[in-house]
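Shown next: my_file-v9.txt, containing compact mmCIF, C-alpha atoms.
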# COMPACT_ATOMS: atom_id res chain seq x y z
CA MET A 1 -19.45 32.05 -21.70
CA ASN A 2 -17.44 35.21 -20.93
CA MET A 3 -13.71 35.21 -20.17
CA LYS A 4 -14.27 35.48 -16.42
CA ASN A 5 -16.40 32.35 -16.35
CA ILE A 6 -13.93 30.51 -18.55
CA PHE A 7 -11.10 31.44 -16.18
CA ILE A 8 -13.07 30.27 -13.14
CA ALA A 9 -13.93 26.97 -14.82
CA VAL A 10 -10.32 26.31 -15.84
CA ALA A 11 -9.03 27.30 -12.41
CA GLY A 12 -11.47 24.89 -10.81
CA ILE A 13 -10.29 22.02 -12.98
CA VAL A 14 -6.65 22.80 -12.23
CA SER A 15 -7.26 23.06 -8.50
CA VAL A 16 -9.03 19.69 -8.43
CA SER A 17 -6.26 18.00 -10.39
CA LEU A 18 -3.62 19.46 -8.11
CA ALA A 19 -5.50 18.66 -4.92
CA SER A 20 -6.28 15.04 -5.71
CA PRO A 21 -2.77 13.60 -5.23
CA ALA A 22 -2.35 15.45 -1.93
CA ALA A 23 -5.65 14.09 -0.67
CA ALA A 24 -4.68 10.57 -1.71
CA ASP A 25 -1.39 10.85 0.18
CA GLU A 26 -3.31 11.50 3.38
CA ILE A 27 -5.14 8.18 3.16
CA GLY A 28 -3.40 5.13 4.60
CA ASP A 29 -3.24 1.82 2.81
CA GLY A 30 -5.72 0.26 5.19
CA ASN A 31 -3.83 -1.91 7.65
CA ARG A 32 -2.70 -1.45 11.23
CA TYR A 33 0.94 -0.91 10.37
CA GLU A 34 0.58 1.48 7.43
CA LEU A 35 2.40 -1.00 5.20
CA ASP A 36 1.98 -0.98 1.45
CA ARG A 37 -1.10 -2.92 0.41
CA TYR A 38 -1.20 -4.89 -2.82
CA TYR A 39 -3.95 -7.29 -1.73
CA HIS A 40 -7.68 -6.71 -2.08
CA SER A 41 -8.66 -5.40 1.35
CA GLU A 42 -8.84 -5.92 5.09
CA ILE A 43 -11.42 -8.19 6.69
CA SER A 44 -12.53 -8.46 10.31
CA ALA A 45 -11.96 -11.65 12.26
CA ALA A 46 -15.72 -12.09 12.65
CA GLU A 47 -16.38 -11.78 8.91
CA ALA A 48 -13.44 -14.07 8.15
CA TYR A 49 -14.93 -16.73 10.41
CA GLN A 50 -18.30 -16.47 8.67
CA ASP A 51 -16.73 -16.76 5.23
CA MET A 52 -14.73 -19.80 6.29
CA MET A 53 -17.75 -21.53 7.82
CA ARG A 54 -19.64 -21.00 4.56
CA ASN A 55 -16.69 -22.56 2.69
CA GLU A 56 -16.30 -19.29 0.83
CA ALA A 57 -12.64 -18.69 1.70
CA VAL A 58 -9.40 -20.39 2.75
CA LEU A 59 -7.66 -19.15 5.88
CA ILE A 60 -3.86 -19.16 5.85
CA ASP A 61 -2.25 -18.77 9.29
CA VAL A 62 1.28 -17.48 8.62
CA ARG A 63 2.59 -17.69 12.19
CA ARG A 64 5.48 -19.85 13.38
CA LEU A 65 4.98 -23.55 14.06
CA ARG A 66 5.07 -23.02 17.83
CA GLU A 67 2.45 -20.27 17.63
CA TYR A 68 0.14 -22.42 15.54
CA ALA A 69 0.64 -25.34 17.94
CA ALA A 70 -0.42 -23.19 20.90
CA GLY A 71 -3.70 -22.23 19.24
CA HIS A 72 -5.14 -21.37 15.84
CA PRO A 73 -8.52 -20.85 14.19
CA GLU A 74 -10.30 -24.08 13.43
CA ARG A 75 -9.84 -25.10 9.78
CA ALA A 76 -6.88 -22.73 9.31
CA TYR A 77 -3.93 -23.92 7.23
CA ASN A 78 -0.47 -23.19 8.62
CA VAL A 79 1.97 -21.83 6.04
CA PRO A 80 4.51 -19.79 8.03
CA TYR A 81 5.94 -16.54 6.68
CA PRO A 82 8.50 -15.10 7.08
CA HIS A 83 9.40 -17.21 10.14
CA ILE A 84 8.99 -20.98 10.46
CA VAL A 85 10.92 -21.68 13.65
CA GLY A 86 13.64 -19.05 13.85
CA SER A 87 13.84 -15.67 12.16
CA ASN A 88 13.33 -15.13 8.43
CA ASP A 89 13.83 -18.84 7.73
CA GLN A 90 10.99 -19.08 5.21
CA SER A 91 11.45 -18.02 1.60
CA ALA A 92 8.79 -16.05 -0.22
CA LEU A 93 8.99 -18.53 -3.09
CA THR A 94 8.29 -21.55 -0.88
CA PHE A 95 5.46 -19.70 0.82
CA TYR A 96 3.86 -18.85 -2.53
CA TRP A 97 3.98 -22.41 -3.85
CA GLU A 98 2.65 -23.91 -0.63
CA VAL A 99 -0.43 -21.70 -0.80
CA TYR A 100 -0.71 -22.39 -4.54
CA ASP A 101 -0.83 -26.13 -3.81
CA ILE A 102 -3.45 -25.70 -1.07
CA VAL A 103 -5.88 -24.08 -3.52
CA ASN A 104 -4.92 -26.47 -6.34
CA GLY A 105 -3.58 -23.67 -8.48
CA ARG A 106 -6.84 -21.71 -8.49
CA THR A 107 -5.48 -18.23 -7.97
CA ASP A 108 -8.97 -16.72 -7.89
CA THR A 109 -9.74 -18.61 -4.67
CA PRO A 110 -10.74 -16.24 -1.84
CA ILE A 111 -7.84 -16.32 0.63
CA MET A 112 -7.55 -14.72 4.07
CA THR A 113 -4.20 -14.27 5.82
CA LEU A 114 -3.73 -14.21 9.60
CA CYS A 115 -0.85 -13.67 12.02
CA ARG A 116 -0.57 -12.58 15.66
CA THR A 117 -1.47 -8.90 15.27
CA GLY A 118 -1.79 -8.24 11.54
CA HIS A 119 1.78 -7.44 10.44
CA ARG A 120 3.28 -10.63 9.01
CA SER A 121 -0.04 -11.42 7.38
CA VAL A 122 0.17 -8.17 5.40
CA LEU A 123 3.61 -9.16 4.09
CA ALA A 124 2.27 -12.58 3.13
CA ALA A 125 -0.85 -11.18 1.46
CA ASN A 126 1.29 -8.80 -0.60
CA ILE A 127 3.46 -11.64 -1.92
CA LEU A 128 0.41 -13.61 -3.01
CA SER A 129 -1.36 -10.64 -4.58
CA ASP A 130 1.66 -9.05 -6.24
CA PRO A 131 4.49 -11.57 -6.65
CA ASP A 132 6.47 -8.97 -8.58
CA SER A 133 6.78 -6.96 -5.36
CA HIS A 134 9.29 -9.52 -4.03
CA PRO A 135 12.50 -10.40 -5.90
CA ASP A 136 12.07 -14.14 -5.25
CA THR A 137 8.56 -14.41 -6.71
CA GLN A 138 8.71 -12.12 -9.71
CA GLY A 139 6.87 -13.38 -12.77
CA LEU A 140 4.54 -15.71 -10.88
CA GLU A 141 0.77 -15.60 -11.28
CA PRO A 142 -0.90 -13.26 -8.76
CA PHE A 143 -3.73 -14.35 -6.51
CA THR A 144 -6.69 -12.09 -7.22
CA ASN A 145 -8.81 -12.28 -4.07
CA VAL A 146 -6.64 -11.98 -0.96
CA ARG A 147 -7.73 -10.23 2.22
CA ASN A 148 -5.87 -9.67 5.47
CA ILE A 149 -7.51 -10.25 8.86
CA TRP A 150 -7.17 -6.91 10.61
CA GLU A 151 -7.07 -7.99 14.26
CA GLY A 152 -4.89 -11.08 13.97
CA PHE A 153 -5.16 -14.07 16.29
CA VAL A 154 -4.11 -12.30 19.51
CA GLY A 155 -4.80 -8.70 18.54
CA GLN A 156 -3.87 -5.39 20.10
CA TYR A 157 -5.24 -3.11 22.79
CA LYS A 158 -8.02 -0.73 21.84
CA TYR A 159 -7.98 2.95 22.80
CA ALA A 160 -10.44 5.78 23.35
CA TYR A 161 -9.56 9.14 21.80
CA ALA A 162 -10.73 12.53 23.02
CA GLY A 163 -13.57 13.63 20.79
CA GLY A 164 -13.18 10.38 18.90
CA ASN A 165 -10.35 11.88 16.86
CA ILE A 166 -7.13 9.87 16.76
CA LEU A 167 -5.28 12.73 15.07
CA LEU A 168 -5.99 15.26 17.83
CA ASP A 169 -5.35 13.12 20.91
CA PRO A 170 -1.68 12.30 21.64
CA ASN A 171 -2.61 10.49 24.87
CA PRO A 172 -5.38 8.00 24.15
CA ILE A 173 -6.85 5.94 26.98
CA PRO A 174 -6.52 2.13 26.80
CA LEU A 175 -9.84 0.32 27.06
CA ASP A 176 -10.48 -2.31 29.71
CA LEU A 177 -12.55 -4.52 27.42
CA ASN A 178 -13.37 -7.18 30.01
CA ASN A 179 -14.10 -4.55 32.69
CA ASN A 180 -12.01 -6.12 35.45
CA GLY A 181 -10.38 -2.85 36.48
CA VAL A 182 -6.92 -3.50 35.02
CA MET A 183 -5.24 -3.71 31.64
CA ASP A 184 -4.44 -7.38 31.33
CA SER A 185 -1.08 -8.70 30.13
CA ASP A 186 -0.48 -11.54 27.69
CA THR A 187 -0.40 -14.92 29.43
CA ALA A 188 0.28 -18.48 28.31
CA ASP A 189 -2.74 -20.71 28.81
CA VAL A 190 -1.87 -23.59 26.47
CA TYR A 191 1.92 -23.94 26.27
CA SER A 192 4.45 -21.91 28.24
CA HIS A 193 6.36 -20.86 25.12
CA THR A 194 3.51 -18.79 23.67
CA SER A 195 1.53 -16.08 25.50
CA ASP A 196 -1.66 -15.53 23.54
CA ALA A 197 -4.37 -15.07 26.16
CA ASN A 198 -5.39 -11.48 26.85
CA PRO A 199 -9.07 -10.53 27.18
CA ASP A 200 -8.23 -6.86 26.64
CA LYS A 201 -6.86 -7.47 23.14
CA ASP A 202 -9.15 -7.53 20.14
CA GLY A 203 -7.93 -10.64 18.31
CA TRP A 204 -9.64 -13.78 17.04
CA ARG A 205 -9.21 -15.80 20.24
CA ASN A 206 -9.51 -12.99 22.78
CA PHE A 207 -12.15 -10.25 22.58
CA GLN A 208 -13.65 -11.79 19.43
CA HIS A 209 -14.17 -15.18 21.16
CA LEU A 210 -14.13 -17.06 17.86
CA PRO A 211 -13.55 -20.84 17.74
CA TRP A 212 -9.94 -21.95 17.96
CA THR A 213 -8.05 -25.11 18.80
CA SER A 214 -4.56 -26.38 19.59
CA LYS A 215 -5.18 -29.69 17.84
CA ILE A 216 -2.85 -30.31 14.90
CA ARG A 217 -4.57 -31.88 11.90
CA LYS A 218 -2.36 -33.36 9.19
CA PRO A 219 -4.22 -31.85 6.18
CA LEU A 220 -3.86 -28.36 7.69
CA ALA A 221 -0.34 -28.69 9.09
CA TYR A 222 2.65 -27.14 7.38
CA LEU A 223 3.78 -29.50 4.60
CA GLN A 224 0.99 -31.77 5.88
CA ASP A 225 3.45 -33.02 8.50
CA GLU A 226 2.02 -32.89 12.00
CA LEU A 227 5.28 -34.31 13.39
CA MET A 228 6.96 -30.96 12.75
CA TYR A 229 5.03 -29.60 15.74
CA GLU A 230 6.05 -32.29 18.24
CA GLY A 231 8.84 -30.20 19.73
CA PHE A 232 6.38 -27.45 20.63
CA ILE A 233 3.74 -29.61 22.31
CA GLU A 234 4.06 -29.81 26.10
CA TYR A 235 2.66 -32.87 27.83
Take the structure in this file and express it as structure tokens.
Amino acid sequence: MNMKNIFIAVAGIVSVSLASPAAADEIGDGNRYELDRYYHSEISAAEAYQDMMRNEAVLIDVRRLREYAAGHPERAYNVPYPHIVGSNDQSALTFYWEVYDIVNGRTDTPIMTLCRTGHRSVLAANILSDPDSHPDTQGLEPFTNVRNIWEGFVGQYKYAYAGGNILLDPNPIPLDLNNNGVMDSDTADVYSHTSDANPDKDGWRNFQHLPWTSKIRKPLAYLQDELMYEGFIEY
């Protein structure tokens, strides 16, 4: 190999090594809010439902008690994080141990986290997958198979982008998913304190039309205490 070819080969190696980090920085961590991701991956609501029905995964609904009371996926456990009733009234340590108890200490159990739109569930999934990422759970055993449900229970609006390119269209068009001529707003159809119904949002109970219930079952309730939800049930 002559010197010219050697130079070209070396230059190519250097350019690849220099370009790789830049390319990696342009790739998001794979959730709706561009939060750090320490868990395995995202999962769609539809796939999550299938896995749960096959008894292949445990679904952890991390929403507040009142949100869970107003509707939740069937067979979903409620372990709120970071809010139980108020704001930031759940500790990461308590959350971790509650999930640990649900799976009987088997940290390789497939777990799926869910919240309203996919934000709190990312925070919860990160704590389970990388306890060292939170000061209150450092040193605990990580869960090795945690996925976050992308859409959440209620979901968000979907948009159309010119040319299909989100990066080139600053004014995307909201999609009327139920084709009724308007962009629907969130409404309360179970209890007045929680507005979850919106056919134009892509969540578990809305556009996905997956099974859900407002019935509180003791084995699935937070701390297995269905009485904790009494104050949020309207008769």
Determine the nearest neighbour of Ala45 in chain A from the options A:Asn179, A:Asn206, A:Ser192, A:Ser133, counting only C-alpha atoms. A:Asn206
Quick one: residues within 12 Å of Ala162 in chain A, all atoms listed in the file, excluding same-chain residues fewer than 4 positions away - as number ranges by chain? A: 166-174
Preceding selection exported with C-alpha atoms as a PDB file, keeping the file's coordinate frame:
ATOM      1  CA  ILE A 166      -7.130   9.870  16.760  1.00  0.00           C
ATOM      2  CA  LEU A 167      -5.280  12.730  15.070  1.00  0.00           C
ATOM      3  CA  LEU A 168      -5.990  15.260  17.830  1.00  0.00           C
ATOM      4  CA  ASP A 169      -5.350  13.120  20.910  1.00  0.00           C
ATOM      5  CA  PRO A 170      -1.680  12.300  21.640  1.00  0.00           C
ATOM      6  CA  ASN A 171      -2.610  10.490  24.870  1.00  0.00           C
ATOM      7  CA  PRO A 172      -5.380   8.000  24.150  1.00  0.00           C
ATOM      8  CA  ILE A 173      -6.850   5.940  26.980  1.00  0.00           C
ATOM      9  CA  PRO A 174      -6.520   2.130  26.800  1.00  0.00           C
TER      10      PRO A 174
END
Determine, counting only C-alpha atoms, which protein, DNA and RNA residues have an atom within 10 Å of an atom of Ala69 in chain A; residues of the same chain fewer than 2 positions away are not included. Present the result as a list in words.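 The residues that qualify are Arg63, Arg64, Leu65, Arg66, Glu67, Gly71, His72, Asn78, Val190, Tyr191, Thr194, Thr213, Ser214, Lys215, Ile216, Ala221, Glu226, Met228, Tyr229, Glu230, Gly231, Phe232, Ile233 and Glu234 of chain A.
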Deliver the residues from the most recent selection as a file, using C-alpha atoms, as a short mmCIF file (atom, residue, chain, number, x, y, z; two decimals), in the frame of the given file.
data_model
loop_
_atom_site.label_atom_id
_atom_site.label_comp_id
_atom_site.auth_asym_id
_atom_site.auth_seq_id
_atom_site.Cartn_x
_atom_site.Cartn_y
_atom_site.Cartn_z
CA ARG A 63 2.59 -17.69 12.19
CA ARG A 64 5.48 -19.85 13.38
CA LEU A 65 4.98 -23.55 14.06
CA ARG A 66 5.07 -23.02 17.83
CA GLU A 67 2.45 -20.27 17.63
CA GLY A 71 -3.70 -22.23 19.24
CA HIS A 72 -5.14 -21.37 15.84
CA ASN A 78 -0.47 -23.19 8.62
CA VAL A 190 -1.87 -23.59 26.47
CA TYR A 191 1.92 -23.94 26.27
CA THR A 194 3.51 -18.79 23.67
CA THR A 213 -8.05 -25.11 18.80
CA SER A 214 -4.56 -26.38 19.59
CA LYS A 215 -5.18 -29.69 17.84
CA ILE A 216 -2.85 -30.31 14.90
CA ALA A 221 -0.34 -28.69 9.09
CA GLU A 226 2.02 -32.89 12.00
CA MET A 228 6.96 -30.96 12.75
CA TYR A 229 5.03 -29.60 15.74
CA GLU A 230 6.05 -32.29 18.24
CA GLY A 231 8.84 -30.20 19.73
CA PHE A 232 6.38 -27.45 20.63
CA ILE A 233 3.74 -29.61 22.31
CA GLU A 234 4.06 -29.81 26.10
#
Taking into account only C-alpha atoms, which residue in the set A:Gly30, A:Tyr159, A:Val58, A:Pro211 is nearest to Val103 in chain A?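 Using only C-alpha atoms, the shortest distance to Val103 in chain A belongs to A:Val58.
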What is the CA of Arg116 in chain A to CA of Gln208 in chain A distance in Å? 13.6 Å
Per-axis box centre and lengths in Å around range 121-132 of chain A, 6 Å margin per side, axis-aligned, as AutoDock Vina command-line options:
--center_x 2.6 --center_y -10.9 --center_z -0.6 --size_x 19.8 --size_y 17.4 --size_z 28.0
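Between CA of Leu140 in chain A and CA of Ser121 in chain A the separation is 19.3 Å.
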Shell around Pro142 in chain A at 7 Å using all atoms listed in the file, local window under 4 positions removed, as a list of chain:residue names: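 Counting all atoms listed in the file, the residues come to A:Thr107, A:Leu128, A:Ser129, A:Asp130, A:Pro131.
CA of Asp186 in chain A lies 24.0 Å from CA of Asn88 in chain A.
Nearest residue to Ala70 in chain A among A:Pro219, A:Asn148, A:Ala124, A:Phe153 is A:Phe153, counting all atoms listed in the file.
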Extract, using all atoms listed in the file, all DNA, RNA and protein residues at most 8 Å from Gly118 in chain A, discarding same-chain residues fewer than 4 positions from it, and format them as a PyMOL selection string. chain A and resi 31-33+114+122+148-152+155
For Thr113 in chain A, which residue out of A:His134, A:Arg54, A:His40, A:His193 is the nearest one, using only C-alpha atoms?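 Going through A:His134, A:Arg54, A:His40, A:His193 one by one, the smallest distance to Thr113 in chain A is for A:His40.
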Given only C-alpha atoms as the basis, pick out the residue of A:Leu35, A:Cys115, A:Val79, A:Met53 nearest to Asp101 in chain A. A:Val79
As a JSON list (two decimals) with C-alpha atoms, in the frame of the given file, please: the residues near Ser91 in chain A (cut-off 8 Å, all atoms listed in the file, same-chain neighbours under 3 positions excluded).
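What landed in out_18.json:
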[["chain", "number", "residue", "atom", "x", "y", "z"],
["A", 81, "TYR", "CA", 5.94, -16.54, 6.68],
["A", 82, "PRO", "CA", 8.50, -15.10, 7.08],
["A", 88, "ASN", "CA", 13.33, -15.13, 8.43],
["A", 94, "THR", "CA", 8.29, -21.55, -0.88],
["A", 95, "PHE", "CA", 5.46, -19.70, 0.82],
["A", 136, "ASP", "CA", 12.07, -14.14, -5.25]]
Determine the nearest neighbour of Leu123 in chain A from the options A:Tyr96, A:Tyr235, A:Tyr222, A:Trp204, counting all atoms listed in the file. A:Tyr96
